[in-house]
Amino acid sequence: MGRTRWHRARRHRLLHKPLCTLPPVIIMSGLAGIYHLDGKPADPALLQRMIHRLAHRGPDASDYWIKGSVGIGHVMLHTTSESLDERQPWTDETGTLCLAYDGRIDNRKDLALSLNAAGFHLRNDTDAELMLRAYQHWGESCPEHLIGDFALVIWDVRRQQLFCARDILGLKPLYYCHQGTTFCWASELPSLFEHHATSRSPNEAMIAEFLSGTVVTNTETLYEGISRLEPAHSLVVRRGRCETRRYWTIDPRRRIEYANDDDYAQHFYELFSKAVQCRLRSHKPIGLELSGGLDSSSVVSLLQAVSRTNPQDRDRFQTFSLIFPGLPCDEHAFINDVTAQGSFPSHLIGPQAPVLTSFLDDVLRYQDLPDHPNGAMHTPLRALARRQGCRVLLTGTGGDEWLTGSFFHYTDLVRGLKIPSLLRRLHADRPLYNESSSPGLFSLPLVQFGLLPLLPQSCRNLGKWLLGRSTIPEWISPELWHRTQMQERIRQASFAPPYSSYTQQDLFSSTVHGLGIHGTELDERAASFLGVESRHPLNDQRIIEFALALPEEQRWGNKPKFILRKAMGNRLPISVRERVIKADFSCIFAQALLAESTEAIFQSLSVASMGWVDGGKVWNAYRTMARSYSRGDETYGFHVAPLWMVFGVELWYRTLFQKHRLPPDLPTRQEVAPSYSV
């Protein structure tokens, strides 16, 4: 049940991201609404029920707007000073446009200048006003001019259409259901279930994707008839028309070219500083997630440097860090080196044992899969940040995806016949390889990332057939795989614009990678429940476009993330700046999977009784993982991610569809994890 681990770190955000429980803190902005395409009046009582299901996302205000067949609802969490004066849903002077959005605009100044130059009068400086005017100016092309994290809905009376859009990475969620002449939307699934026509039937195709760990579809959910608006897409709904459009992709012709490394680093540092600064809008203290890794340490170190010339900023920021004493994923020493550079108050949060009840809470609350252990372990960190008065947390998310580089650079070097450069690259990358992975020829980095991509897919498929290798994971039912047409879903799923290199293709795939987007949605969901907004400077669109236009040597020089190390220079502690190996949180998965109550579930899987997986093979993989973990054999890590996906689907299906009673002796959850403030 293992899988290769040669892929870049971003493929394993499941494992490389620091399980905890959800304390009963109910506090993020949210959207809900209904549109009857047949002209039937929108039901205020239904809309209010939908809004009520989102109350935890917006404790500061809630309201709705109804006009004829359209009802738009919104709940508000204030995270910026501008939002204090904001009321949503937001209309124009004529009442012919009504907007509701969840999120934040990060290019406010440039957007305001463009709108003023076009003759639009801004009634105030709220993000809602900017978004509404942007739609008035650019119409359905307006998302192309927005930088930030957002999900938005606009009812256009004159065009008699509903316009929706989601940011380029899907950092804000938007679900919808189109049944007959009724179109409903919401930030979370439970709101949609308030409408009697919304289907609760399991979507077997998405079940197959999750069970196999091959999540390639970004538009479907685990329920038939309920969709997600795909990141970087807009949606137009009106009578006779319901269609989506991709509004953003990369320009493969763009190249960033400078004469020396210093110029590259200076350009990046300017973008990075801007990305951090534009995410500092908050009327409350700002929390900084500090893991001790290069990315989060760079965010903190940049702000430490700024605060030395702006002493008033020193009381504005606090760092929050997870520590794991005695475990291989503990990064305490790196965290201390970063916090010692400045005077920000720092908080160290100790580990909390994973318990089944917290994952069950997720399933019941969201009617969806539970969080992953390495995501859920952030719960006490976020809860502490909230108690300290923070509503915003800055993170280092995005550095792995855009700045690490790609092993597929080997293919570009082979294709260009740059053999000396290839040999040097292979030698330099040896510390990054997992020496315990399978020793087969096709698992060698040069073969997997340098030669096989050059072969046509038909040749690769023929090779697998000749070697007796199946494309179907061994624990998945072949009947399920063929019935859901998984091979065809895999072939059709990925959006593939033109690329200038195999490296660029691999990096861009992070923006459409199904498992990565799923992880992003889980992360946003958990943060919203705890009343904090996670902001990710390294996921700024301007940084992404810059990074994808870089020569590979700037991402992968003598060390991964070369340009980030160069740009930060002595602002980073030398221990962090020279660090190469990332912490691996496979042990957190293993601890969650090896709990006694979890083991009992693996012995009687509902997903096996449904014929979706081979229960015997899953159980054998579970026992193999348990034995390896108990012996200290690192190969256990090859099993934990696929086992967790099986467990997540099992808990969702068993709880919501089979109503199985879980073991009565489940451990009770701790409400607060131990923490240490410095």
# chains A, B, ... in the order shown; residues from 1 in each chain; ligands from 1

$ residues_around --residues "Val153 in chain A" --least-positions-apart "4" --cutoff "12 Å" --atoms "only C-alpha atoms" --output "ChimeraX atom specification"
/A:30-35,70-74,88-91,97-103,128,131-132,135,140,143,161-166,173-176,184-187,229,234-237

$ residues_around --residues "Gly398 in chain A" --least-positions-apart "4" --cutoff "10 Å" --atoms "only C-alpha atoms" --output "PyMOL selection string"
chain A and resi 10+295-296+402-404+510+536-540+543-544

$ residues_around --residues "range 610-623 of chain A" --least-positions-apart "5" --cutoff "6 Å" --atoms "only C-alpha atoms" --output "count of residues only"
5

$ select_by_dssp --residues "range 336-564 of chain A" --states "alpha helix (DSSP H)" --output "ChimeraX atom specification"
/A:336-339,356-366,373-376,379-387,399-403,409-415,419-428,445,457-466,478-483,486-493,502-508,514-529,541-548,552-555,562-564

$ closest_residue --among "A:Met625, A:Ala205, A:Gly531, A:Val299" --to "Met76 in chain A" --atoms "only C-alpha atoms"
A:Gly531

$ closest_residue --among "A:Phe602, A:Phe495, A:Tyr366, A:Phe268" --to "Lys561 in chain A" --atoms "only C-alpha atoms"
A:Phe268

$ atom_distance --atom1 "CA of Glu552 in chain A" --atom2 "CA of Gln277 in chain A"
27.1 Å

$ closest_residue --among "A:Thr126, A:Ser534, A:Thr598, A:Thr244" --to "Glu521 in chain A" --atoms "only C-alpha atoms"
A:Ser534

$ closest_residue --among "A:Ala600, A:Ile588, A:Val215, A:Ala595" --to "Gln352 in chain A" --atoms "only C-alpha atoms"
A:Ile588

$ atom_distance --atom1 "CA of Leu37 in chain A" --atom2 "CA of Phe150 in chain A"
25.3 Å

$ select_by_dssp --residues "range 184-279 of chain A" --states "strand (DSSP E)" --output "list in words"
Cys184, Trp185, Ala186, Ile226, Ser227, Arg228, His233, Ser234, Leu235, Val236, Val237, Arg238, Arg241, Cys242, Glu243, Thr244, Arg245 and Arg246 of chain A

$ closest_residue --among "A:Phe546, A:Thr217, A:Val646, A:Arg631" --to "Pro252 in chain A" --atoms "only C-alpha atoms"
A:Phe546

$ residues_around --residues "Leu348 in chain A" --least-positions-apart "4" --cutoff "12 Å" --atoms "only C-alpha atoms" --output "PyMOL selection string"
chain A and resi 288-292+318-325+330-333+335-336+339+378+380-382+384-385+673-678

$ write_last_selection --atoms "N, CA and C atoms" --output "compact mmCIF listing (two decimals), in the first residue's frame"
# COMPACT_ATOMS: atom_id res chain seq x y z
N LEU A 288 1.77 35.05 14.06
CA LEU A 288 2.70 34.54 13.06
C LEU A 288 2.95 33.07 13.35
N GLU A 289 2.51 32.19 12.44
CA GLU A 289 2.80 30.77 12.60
C GLU A 289 4.27 30.53 12.30
N LEU A 290 5.01 30.05 13.27
CA LEU A 290 6.44 29.83 13.11
C LEU A 290 6.75 28.36 13.37
N SER A 291 7.09 27.65 12.31
CA SER A 291 7.41 26.22 12.45
C SER A 291 8.89 25.97 12.66
N GLY A 292 9.72 26.92 12.28
CA GLY A 292 11.16 26.70 12.27
C GLY A 292 11.68 26.34 10.90
N GLN A 318 2.85 38.47 17.41
CA GLN A 318 3.19 37.38 18.31
C GLN A 318 3.43 36.13 17.48
N THR A 319 4.40 35.31 17.89
CA THR A 319 4.65 34.06 17.17
C THR A 319 4.01 32.90 17.93
N PHE A 320 3.55 31.90 17.16
CA PHE A 320 2.92 30.71 17.71
C PHE A 320 3.55 29.49 17.03
N SER A 321 4.04 28.56 17.85
CA SER A 321 4.81 27.43 17.30
C SER A 321 4.41 26.13 17.97
N LEU A 322 4.32 25.08 17.15
CA LEU A 322 4.10 23.73 17.66
C LEU A 322 5.44 23.07 17.92
N ILE A 323 5.56 22.42 19.07
CA ILE A 323 6.79 21.68 19.37
C ILE A 323 6.42 20.24 19.70
N PHE A 324 7.36 19.33 19.43
CA PHE A 324 7.13 17.90 19.60
C PHE A 324 8.32 17.27 20.30
N PRO A 325 8.48 17.55 21.58
CA PRO A 325 9.66 17.03 22.30
C PRO A 325 9.79 15.51 22.17
N ASP A 330 10.31 17.38 15.75
CA ASP A 330 10.45 18.55 16.61
C ASP A 330 11.43 19.56 15.99
N GLU A 331 10.99 20.82 15.93
CA GLU A 331 11.82 21.88 15.33
C GLU A 331 12.09 22.99 16.34
N HIS A 332 12.09 22.61 17.61
CA HIS A 332 12.21 23.57 18.70
C HIS A 332 13.47 24.43 18.57
N ALA A 333 14.59 23.80 18.24
CA ALA A 333 15.85 24.54 18.18
C ALA A 333 15.82 25.63 17.11
N ILE A 335 13.12 27.12 15.94
CA ILE A 335 12.17 28.14 16.40
C ILE A 335 12.85 29.09 17.36
N ASN A 336 13.62 28.55 18.32
CA ASN A 336 14.31 29.40 19.29
C ASN A 336 15.30 30.34 18.61
N THR A 339 13.16 33.26 17.11
CA THR A 339 12.57 34.17 18.09
C THR A 339 13.63 34.97 18.84
N HIS A 378 -2.93 21.75 14.35
CA HIS A 378 -2.85 23.20 14.49
C HIS A 378 -3.98 23.78 15.33
N PRO A 380 -4.88 23.62 18.61
CA PRO A 380 -4.54 24.36 19.83
C PRO A 380 -3.75 25.63 19.55
N LEU A 381 -2.96 25.63 18.47
CA LEU A 381 -2.22 26.84 18.11
C LEU A 381 -3.19 27.96 17.76
N ARG A 382 -4.17 27.65 16.92
CA ARG A 382 -5.13 28.66 16.50
C ARG A 382 -6.01 29.11 17.67
N LEU A 384 -5.15 29.20 20.81
CA LEU A 384 -4.36 30.09 21.66
C LEU A 384 -4.22 31.47 21.02
N ALA A 385 -3.98 31.49 19.70
CA ALA A 385 -3.88 32.78 19.01
C ALA A 385 -5.17 33.58 19.19
N ALA A 673 -4.70 22.37 24.85
CA ALA A 673 -3.40 21.73 24.86
C ALA A 673 -2.43 22.52 25.72
N PRO A 674 -1.39 21.88 26.23
CA PRO A 674 -0.40 22.64 27.01
C PRO A 674 0.29 23.67 26.14
N SER A 675 0.57 24.82 26.70
CA SER A 675 1.26 25.87 25.94
C SER A 675 2.26 26.55 26.86
N TYR A 676 3.24 27.15 26.23
CA TYR A 676 4.30 27.82 26.97
C TYR A 676 4.54 29.17 26.32
N SER A 677 4.44 30.24 27.06
CA SER A 677 4.67 31.58 26.53
C SER A 677 6.03 32.08 26.98
N VAL A 678 6.73 32.71 26.07
CA VAL A 678 8.08 33.20 26.36
C VAL A 678 8.08 34.72 26.28

$ closest_residue --among "A:Thr357, A:Gln487, A:Leu507, A:Leu280" --to "Thr395 in chain A" --atoms "only C-alpha atoms"
A:Leu280
